[in-house]
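**Student:** Here it is: the structure, laid out below.
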Amino acid sequence: MKRYFIHTFGCQMNVNDTNRMSEVLAGLQYQPTPVAEDADLIILNTCSIREKAEDKIYSALGRYRQVKTQRGALIGVGGCVAQQEKDKILKKVPYVDFVFGPDNISKLPEILDKVLIGRARVVETAWVDSEEYVFPRADPESSRGRVTEFVTVMKGCDNVCAFCVVPHTRGREVSRAFPEVLLEVAALARVGVREVTLIGQNVNSYRGGLGFDQLLLRVAEVPGVERVRFTTSHPHDLSDALIEAFRVQPKIASHFQLPVQSGSDAVLKRMRRDYTVQEYLERLAKLRAARPDIAITTDIIVGFPGETEEDFERTMQLTEAVRYDNQYSFVYSSRPKTSSALREQEWGEIPHEVKVERLDRLQKLQKKIAAEINALHRGHPVEVLVEGRSKTDPAKRFGRNPQNKVVNFDGDAPIGAVVEVQIDRTSVGALYGVQGRTLLAPTIEISEAPLAPELCAVA
Ligand code: SF4
């Protein structure tokens with residue numbers, strides 16, 4: 001039997017695409033190996049959101065060259081860099097055998113035929129029309145043994161944020177029909193999954209026959225589902241209806257990832273984000289009124305072209321005002337084909353050392369706020385869905401609270417149970433405590449050890 005290894009870069013959408021690739025390859029009688037050196041087929045599932053991510057891909061390709069030389073392994077490049085660079089990858093890296101975009105995962109059998117039988121190097125990066133796009137179906141059996149799982153509900157993005165490559169690499173928005181989503185969630189719940197995260201590049205603009213608020217409410221009603229999460233969102237789709245869903249349905253977990261990107265209206269305008277800071281804050285205030293314990297996290301780009309010190313100070317002030325539970329902050333990096341890349345000179349590039357210094361200041365402030373917010377849990381119980389052994393200390397259990405914070409605790413609760421944990425210690429990134437009463441028993445018995453080996457490395 002032939003073996004494959006997939007190296008996954010980037011976001012959860014890519015991790016999900018890797019799972020779909022694995023299912024297609026299983027149908028071709030390939031089996032996974034956790035070691036690239038043992039593989040007959042190596043696939044890099046790539047990310048192009050930042051320049052650094054793209055550099056990592058070329059350096060990984062350099063490492064896998066030896067496997068090609070020694071065992072004649074086939075090497076393929078999928079994901080966003082594949083979609084963006086197309087045949088340029090074959091020109092740049094002569095030992096890559098095939099390149100395929102995110103819409104072409106189901107064509108892997110034909111691609112491999114062309115490579116193996118036709119001895120051709122192949123590029124498949126055509127978009128599939130919205131009407132014809134079929135969302136790859138997950139095999140629920142591959143989720144047996146997990147208590148949390150991701151479900152793709154839409155793909156692509158119709159927005160035109162100036163810095164973003166997603167519309168170029170993932171195409172226009174396509175939503176998955178809601179009955180199909182509900183069937184998949186029900187199948188996952190039957191194999192023991194209790195928390196589902198609905199994912200899409202711009203998930204709250206979902207239009208699969210229901211509004212996104214209605215989809216969340218319907219998913220929350222699926223028997224066996226205890227928590228529903230979603231990622232990632234655009235502030236302009238944070239509708240009153242979505243806020244209302246948070247007010248009426250406690251199974252929608254108390255966490256909202258709401259990317260603001262900058263605290264300056266001038267920068268937001270150049271970024272083509274169609275809200276002001278004031279409007280963002282007003283939406284957030286409504287959301288917090290509906291769900292007072294909600295954790296808010298965000299994305300920030302530091303050093304967008306033309307960002308002045310005053311603009312950056314506004315981002316610092318916004319961070320203080322919102323008191324985010326966490327921020328994913330990065331320095332601006334120019335991406336091909338984006339409108340900001342074309343106008344950097346006109347708006348004014350920010351020197352690298354200035355960007356790095358600003359990022360450092362912002363991250364220090366955010367760490368202080370996150371530590372203060374987490375410290376408020378000390379001496380109080382939190383509700384935890386048990387996911388398994390703690391990654392940092394296998395003698396302890398690990399799970400997350402509704403605010404999506406990692407909780408490591410002493411106890412013996414089975415995987416899939418929902419328990420109270422009394423918090424006695426906190427850090428910037430986690431809560432620690434001791435197991436208390438059981439709130440919900442698991443729906444099925446789940447073994448301690450992972451059922452399958454890790455299929456891929458994630459960068
Ligand atoms: S909404 Fe998100 S995915 Fe869409 S263009 Fe803007 S940043 Fe990119």
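Going through the structure tokens in order, the chains are called A, B, and so on, while each chain numbers its residues from 1 and the ligands are numbered from 1 in the order shown.
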Counting only C-alpha atoms and all ligand atoms, name the residues that have an atom within 7 Å of an atom of ligand 1; the answer should be given as a list of chain:residue names.
**Tutor:**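 With only C-alpha atoms and all ligand atoms and a cut-off of 7 Å, ligand 1 is contacted by A:Cys157, A:Asp158, A:Asn159, A:Val160, A:Cys161, A:Cys164, A:Val165, A:Val166, A:Pro167, A:Gln201, A:Asn202, A:His234.
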**Student:** Residues at most 12 Å from A:Gln317, counting only C-alpha atoms, excluding those fewer than 2 positions away in the same chain, as a PyMOL selection string?
**Tutor:** chain A and resi 262-264+277+310-315+319-324+362+365-366
**Student:** Write the residues of the selection above to a file with all heavy atoms, as a compact mmCIF listing (two decimals), in the first residue's frame.
**Tutor:**
# COMPACT_ATOMS: atom_id res chain seq x y z
N SER A 262 -7.85 47.60 12.72
CA SER A 262 -7.18 48.84 13.14
C SER A 262 -8.13 49.66 14.00
O SER A 262 -9.35 49.53 13.87
CB SER A 262 -6.77 49.66 11.90
OG SER A 262 -6.34 50.95 12.29
N GLY A 263 -7.56 50.52 14.84
CA GLY A 263 -8.39 51.40 15.67
C GLY A 263 -8.51 52.79 15.07
O GLY A 263 -9.01 53.71 15.73
N SER A 264 -8.05 52.97 13.83
CA SER A 264 -8.09 54.29 13.19
C SER A 264 -9.06 54.26 12.01
O SER A 264 -8.93 53.42 11.11
CB SER A 264 -6.68 54.65 12.69
OG SER A 264 -6.78 55.58 11.63
N VAL A 277 -14.73 52.96 13.74
CA VAL A 277 -14.46 52.42 15.08
C VAL A 277 -15.71 52.57 15.96
O VAL A 277 -16.08 51.66 16.70
CB VAL A 277 -13.24 53.13 15.71
CG1 VAL A 277 -13.05 52.72 17.15
CG2 VAL A 277 -11.99 52.84 14.89
N GLU A 310 -0.17 58.40 15.37
CA GLU A 310 -1.50 58.69 15.95
C GLU A 310 -2.49 57.57 15.61
O GLU A 310 -3.30 57.16 16.45
CB GLU A 310 -2.06 60.03 15.42
CG GLU A 310 -1.33 61.27 15.90
CD GLU A 310 0.08 61.40 15.31
OE1 GLU A 310 0.26 61.04 14.11
OE2 GLU A 310 0.99 61.82 16.03
N ASP A 311 -2.43 57.09 14.36
CA ASP A 311 -3.32 55.97 13.98
C ASP A 311 -3.06 54.78 14.89
O ASP A 311 -3.99 54.13 15.40
CB ASP A 311 -3.06 55.51 12.53
CG ASP A 311 -3.51 56.52 11.49
OD1 ASP A 311 -4.55 57.17 11.71
OD2 ASP A 311 -2.82 56.66 10.46
N PHE A 312 -1.77 54.48 15.08
CA PHE A 312 -1.43 53.32 15.90
C PHE A 312 -1.89 53.52 17.35
O PHE A 312 -2.40 52.60 17.98
CB PHE A 312 0.08 53.04 15.85
CG PHE A 312 0.48 51.94 16.78
CD1 PHE A 312 0.07 50.63 16.54
CD2 PHE A 312 1.20 52.21 17.93
CE1 PHE A 312 0.39 49.61 17.43
CE2 PHE A 312 1.52 51.20 18.82
CZ PHE A 312 1.11 49.90 18.57
N GLU A 313 -1.72 54.75 17.85
CA GLU A 313 -2.19 55.04 19.22
C GLU A 313 -3.68 54.75 19.36
O GLU A 313 -4.16 54.31 20.40
CB GLU A 313 -1.90 56.50 19.60
CG GLU A 313 -0.50 56.73 20.17
CD GLU A 313 -0.20 55.82 21.38
OE1 GLU A 313 -1.11 55.59 22.19
OE2 GLU A 313 0.94 55.32 21.48
N ARG A 314 -4.43 55.01 18.28
CA ARG A 314 -5.88 54.73 18.33
C ARG A 314 -6.13 53.22 18.46
O ARG A 314 -7.08 52.79 19.10
CB ARG A 314 -6.58 55.30 17.09
CG ARG A 314 -6.61 56.81 17.14
CD ARG A 314 -7.50 57.44 16.08
NE ARG A 314 -7.45 58.87 16.28
CZ ARG A 314 -6.78 59.73 15.51
NH1 ARG A 314 -6.13 59.30 14.45
NH2 ARG A 314 -6.74 61.01 15.79
N THR A 315 -5.27 52.42 17.81
CA THR A 315 -5.41 50.96 17.97
C THR A 315 -5.12 50.57 19.42
O THR A 315 -5.81 49.71 19.99
CB THR A 315 -4.44 50.24 17.00
OG1 THR A 315 -4.77 50.61 15.67
CG2 THR A 315 -4.53 48.73 17.13
N THR A 319 -7.80 48.88 21.97
CA THR A 319 -7.47 47.65 22.72
C THR A 319 -7.80 47.82 24.20
O THR A 319 -8.38 46.93 24.83
CB THR A 319 -5.98 47.33 22.51
OG1 THR A 319 -5.77 47.12 21.12
CG2 THR A 319 -5.52 46.10 23.28
N GLU A 320 -7.45 48.98 24.74
CA GLU A 320 -7.76 49.28 26.15
C GLU A 320 -9.27 49.35 26.36
O GLU A 320 -9.80 48.85 27.35
CB GLU A 320 -7.18 50.65 26.55
CG GLU A 320 -5.68 50.75 26.53
CD GLU A 320 -5.09 50.60 27.92
OE1 GLU A 320 -5.74 49.99 28.78
OE2 GLU A 320 -3.96 51.09 28.12
N ALA A 321 -9.95 50.00 25.39
CA ALA A 321 -11.39 50.23 25.57
C ALA A 321 -12.17 48.92 25.49
O ALA A 321 -13.06 48.67 26.31
CB ALA A 321 -11.89 51.20 24.49
N VAL A 322 -11.84 48.07 24.53
CA VAL A 322 -12.60 46.81 24.36
C VAL A 322 -12.19 45.78 25.41
O VAL A 322 -12.99 45.02 25.90
CB VAL A 322 -12.39 46.22 22.94
CG1 VAL A 322 -13.04 44.86 22.81
CG2 VAL A 322 -12.97 47.18 21.90
N ARG A 323 -10.91 45.80 25.78
CA ARG A 323 -10.32 44.78 26.66
C ARG A 323 -10.57 43.39 26.05
O ARG A 323 -11.34 42.57 26.57
CB ARG A 323 -10.85 44.90 28.10
CG ARG A 323 -10.36 46.17 28.77
CD ARG A 323 -10.71 46.26 30.22
NE ARG A 323 -10.09 45.25 31.07
CZ ARG A 323 -8.82 45.25 31.48
NH1 ARG A 323 -8.00 46.21 31.09
NH2 ARG A 323 -8.38 44.30 32.26
N TYR A 324 -9.86 43.15 24.95
CA TYR A 324 -9.99 41.88 24.25
C TYR A 324 -9.45 40.73 25.11
O TYR A 324 -8.44 40.89 25.80
CB TYR A 324 -9.18 41.92 22.95
CG TYR A 324 -9.78 42.82 21.90
CD1 TYR A 324 -9.22 44.08 21.64
CD2 TYR A 324 -10.89 42.43 21.17
CE1 TYR A 324 -9.76 44.91 20.68
CE2 TYR A 324 -11.43 43.26 20.21
CZ TYR A 324 -10.88 44.49 19.96
OH TYR A 324 -11.43 45.30 19.02
N LEU A 362 1.94 46.75 21.22
CA LEU A 362 0.55 46.27 21.24
C LEU A 362 0.45 44.91 21.93
O LEU A 362 -0.43 44.68 22.76
CB LEU A 362 0.02 46.16 19.80
CG LEU A 362 -1.43 45.70 19.66
CD1 LEU A 362 -2.39 46.71 20.26
CD2 LEU A 362 -1.78 45.45 18.19
N LEU A 365 0.71 45.17 25.68
CA LEU A 365 -0.54 45.67 26.28
C LEU A 365 -1.58 44.55 26.29
O LEU A 365 -2.26 44.33 27.30
CB LEU A 365 -1.05 46.86 25.43
CG LEU A 365 -2.44 47.37 25.80
CD1 LEU A 365 -2.48 47.90 27.24
CD2 LEU A 365 -2.88 48.46 24.82
N GLN A 366 -1.70 43.83 25.18
CA GLN A 366 -2.72 42.78 25.10
C GLN A 366 -2.46 41.67 26.11
O GLN A 366 -3.38 41.16 26.74
CB GLN A 366 -2.81 42.23 23.67
CG GLN A 366 -3.79 41.11 23.50
CD GLN A 366 -5.20 41.43 24.02
OE1 GLN A 366 -5.70 42.53 23.80
NE2 GLN A 366 -5.81 40.50 24.74
**Student:** If we count only C-alpha atoms and set the cut-off at 8 Å, which residues sit around A:Ile294, ignoring sequence neighbours fewer than 2 positions away in its own chain? Please answer as an MDAnalysis selection string.
**Tutor:** chainID A and resid 254:256 288 291:292 296 403
**Student:** Compile the contact shell of A:Lys364 as number ranges by chain: residues with an atom at most 12 Å away, counting only C-alpha atoms, same-chain residues fewer than 2 positions apart removed.
**Tutor:** A: 316, 319-320, 326-327, 329, 357-362, 366-371, 428
**Student:** Identify which of the residues A:Met1, A:Val99, A:Val122, A:Val174 lies closest to A:Asn45, counting only C-alpha atoms when measuring atom-to-atom distances.
**Tutor:**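 Of A:Met1, A:Val99, A:Val122, A:Val174, the one nearest A:Asn45, counting only C-alpha atoms, is A:Val99.
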**Student:** Which residues of stretch 170-284 of chain A come within 10 Å of stretch 413-425 of chain A, and what is each one's closest atom pair and distance in Å (one decimal), counting only C-alpha atoms, sorted by chain and residue number, as JSON lines?
**Tutor:**
{"residue": "A:Gly192", "atom": "CA", "partner": "A:Gly416", "partner_atom": "CA", "distance": 7.3}
{"residue": "A:Val193", "atom": "CA", "partner": "A:Gly416", "partner_atom": "CA", "distance": 7.7}
{"residue": "A:Arg194", "atom": "CA", "partner": "A:Gly416", "partner_atom": "CA", "distance": 7.0}
{"residue": "A:Glu195", "atom": "CA", "partner": "A:Gly416", "partner_atom": "CA", "distance": 9.4}
{"residue": "A:Glu226", "atom": "CA", "partner": "A:Val418", "partner_atom": "CA", "distance": 9.1}
**Student:** I need the residues from that last selection saved to file as a tab-separated table (two decimals), in the first residue's frame (with all heavy atoms), if you can.
**Tutor:**
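In the end it all went to result.tsv:
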chain	number	residue	atom	x	y	z
A	192	GLY	N	-20.29	11.05	19.01
A	192	GLY	CA	-19.78	11.57	20.27
A	192	GLY	C	-19.32	13.03	20.26
A	192	GLY	O	-18.91	13.56	21.29
A	193	VAL	N	-19.40	13.71	19.10
A	193	VAL	CA	-18.99	15.12	19.04
A	193	VAL	C	-20.03	15.97	19.79
A	193	VAL	O	-21.23	15.81	19.57
A	193	VAL	CB	-18.86	15.58	17.57
A	193	VAL	CG1	-18.67	17.09	17.49
A	193	VAL	CG2	-17.70	14.85	16.90
A	194	ARG	N	-19.56	16.85	20.67
A	194	ARG	CA	-20.49	17.66	21.46
A	194	ARG	C	-20.35	19.16	21.17
A	194	ARG	O	-21.17	19.96	21.59
A	194	ARG	CB	-20.26	17.44	22.95
A	194	ARG	CG	-20.30	15.99	23.33
A	194	ARG	CD	-20.56	15.82	24.78
A	194	ARG	NE	-21.97	15.76	25.05
A	194	ARG	CZ	-22.50	15.53	26.25
A	194	ARG	NH1	-21.71	15.38	27.28
A	194	ARG	NH2	-23.79	15.47	26.43
A	195	GLU	N	-19.25	19.51	20.50
A	195	GLU	CA	-19.05	20.92	20.17
A	195	GLU	C	-18.71	21.03	18.69
A	195	GLU	O	-17.78	20.38	18.23
A	195	GLU	CB	-17.89	21.48	21.02
A	195	GLU	CG	-17.56	22.91	20.67
A	195	GLU	CD	-16.37	23.42	21.47
A	195	GLU	OE1	-16.49	23.58	22.70
A	195	GLU	OE2	-15.31	23.65	20.85
A	226	GLU	N	-23.83	20.30	22.40
A	226	GLU	CA	-23.89	21.14	23.60
A	226	GLU	C	-23.34	22.54	23.38
A	226	GLU	O	-23.69	23.46	24.09
A	226	GLU	CB	-23.11	20.48	24.75
A	226	GLU	CG	-23.79	19.26	25.32
A	226	GLU	CD	-25.22	19.55	25.80
A	226	GLU	OE1	-25.45	20.63	26.37
A	226	GLU	OE2	-26.09	18.69	25.57
**Student:** Hey, what's within 9 Å of A:Asn374 if we count only C-alpha atoms and toss same-chain stuff fewer than 6 positions away? As a ChimeraX atom specification, please?
**Tutor:** /A:325,405,426-431
**Student:** Using only C-alpha atoms for the distances, tell me which of A:Leu74, A:Leu238, A:Met154, A:Leu28 is nearest to A:Leu198.
**Tutor:**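 Closest residue, counting only C-alpha atoms: A:Met154.
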**Student:** Which is closest to A:Gln214 among A:Phe409, A:Phe178, A:Phe230, A:Phe304, if we use only C-alpha atoms?
**Tutor:**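 Closest residue, counting only C-alpha atoms: A:Phe178.
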**Student:** Could you tell me, as a list in words, which residues of stretch 72-143 of chain A DSSP assigns to strand (DSSP E or B) when given the backbone?
**Tutor:** Leu74, Ile75, Gly76, Val77, Gly78, Phe98, Val99, Phe100, Val122, Val123 and Glu124 of chain A
**Student:** Could you dump the residues just selected with all heavy atoms as a short mmCIF file (atom, residue, chain, number, x, y, z; two decimals), in the first residue's frame?
**Tutor:**
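In the end it all went to out-v5.cif:
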data_model
loop_
_atom_site.label_atom_id
_atom_site.label_comp_id
_atom_site.auth_asym_id
_atom_site.auth_seq_id
_atom_site.Cartn_x
_atom_site.Cartn_y
_atom_site.Cartn_z
N LEU A 74 6.22 11.40 -5.02
CA LEU A 74 5.60 12.47 -5.79
C LEU A 74 5.42 13.66 -4.86
O LEU A 74 5.13 13.48 -3.67
CB LEU A 74 4.23 12.06 -6.30
CG LEU A 74 4.16 10.91 -7.30
CD1 LEU A 74 2.71 10.70 -7.71
CD2 LEU A 74 5.02 11.20 -8.51
N ILE A 75 5.57 14.86 -5.40
CA ILE A 75 5.36 16.06 -4.56
C ILE A 75 4.30 16.94 -5.22
O ILE A 75 4.40 17.29 -6.40
CB ILE A 75 6.68 16.84 -4.36
CG1 ILE A 75 7.69 15.94 -3.64
CG2 ILE A 75 6.43 18.13 -3.58
CD1 ILE A 75 8.99 16.60 -3.27
N GLY A 76 3.26 17.28 -4.43
CA GLY A 76 2.19 18.15 -4.93
C GLY A 76 2.04 19.36 -4.03
O GLY A 76 2.32 19.31 -2.84
N VAL A 77 1.60 20.48 -4.62
CA VAL A 77 1.35 21.69 -3.84
C VAL A 77 -0.12 22.07 -4.02
O VAL A 77 -0.59 22.26 -5.15
CB VAL A 77 2.26 22.85 -4.30
CG1 VAL A 77 1.96 24.12 -3.51
CG2 VAL A 77 3.73 22.47 -4.16
N GLY A 78 -0.86 22.14 -2.90
CA GLY A 78 -2.26 22.55 -2.94
C GLY A 78 -2.45 23.83 -2.14
O GLY A 78 -1.48 24.46 -1.70
N PHE A 98 2.85 18.28 -9.23
CA PHE A 98 1.52 18.82 -9.55
C PHE A 98 1.13 19.93 -8.58
O PHE A 98 1.62 20.01 -7.46
CB PHE A 98 0.46 17.71 -9.59
CG PHE A 98 0.25 16.99 -8.28
CD1 PHE A 98 -0.77 17.34 -7.41
CD2 PHE A 98 1.08 15.91 -7.93
CE1 PHE A 98 -0.96 16.66 -6.23
CE2 PHE A 98 0.88 15.23 -6.74
CZ PHE A 98 -0.14 15.59 -5.89
N VAL A 99 0.24 20.79 -9.10
CA VAL A 99 -0.23 21.95 -8.36
C VAL A 99 -1.75 21.94 -8.49
O VAL A 99 -2.27 21.77 -9.59
CB VAL A 99 0.36 23.24 -9.01
CG1 VAL A 99 -0.26 24.49 -8.41
CG2 VAL A 99 1.88 23.28 -8.87
N PHE A 100 -2.47 22.11 -7.37
CA PHE A 100 -3.94 22.11 -7.47
C PHE A 100 -4.54 23.09 -6.47
O PHE A 100 -4.06 23.23 -5.35
CB PHE A 100 -4.51 20.68 -7.27
CG PHE A 100 -4.23 20.10 -5.90
CD1 PHE A 100 -5.26 19.90 -4.99
CD2 PHE A 100 -2.95 19.74 -5.52
CE1 PHE A 100 -5.02 19.37 -3.73
CE2 PHE A 100 -2.69 19.20 -4.26
CZ PHE A 100 -3.73 19.02 -3.38
N VAL A 122 1.30 18.53 -13.71
CA VAL A 122 -0.10 18.97 -13.87
C VAL A 122 -0.38 20.21 -13.03
O VAL A 122 0.10 20.34 -11.90
CB VAL A 122 -1.05 17.82 -13.41
CG1 VAL A 122 -2.51 18.23 -13.53
CG2 VAL A 122 -0.77 16.56 -14.22
N VAL A 123 -1.19 21.12 -13.62
CA VAL A 123 -1.68 22.28 -12.87
C VAL A 123 -3.20 22.30 -12.99
O VAL A 123 -3.74 22.33 -14.10
CB VAL A 123 -1.10 23.60 -13.45
CG1 VAL A 123 -1.67 24.81 -12.70
CG2 VAL A 123 0.41 23.60 -13.37
N GLU A 124 -3.92 22.23 -11.87
CA GLU A 124 -5.40 22.27 -11.87
C GLU A 124 -5.83 23.35 -10.89
O GLU A 124 -5.86 23.13 -9.68
CB GLU A 124 -5.98 20.91 -11.40
CG GLU A 124 -5.94 19.81 -12.41
CD GLU A 124 -7.02 19.91 -13.49
OE1 GLU A 124 -7.83 20.87 -13.45
OE2 GLU A 124 -7.03 19.03 -14.37
#
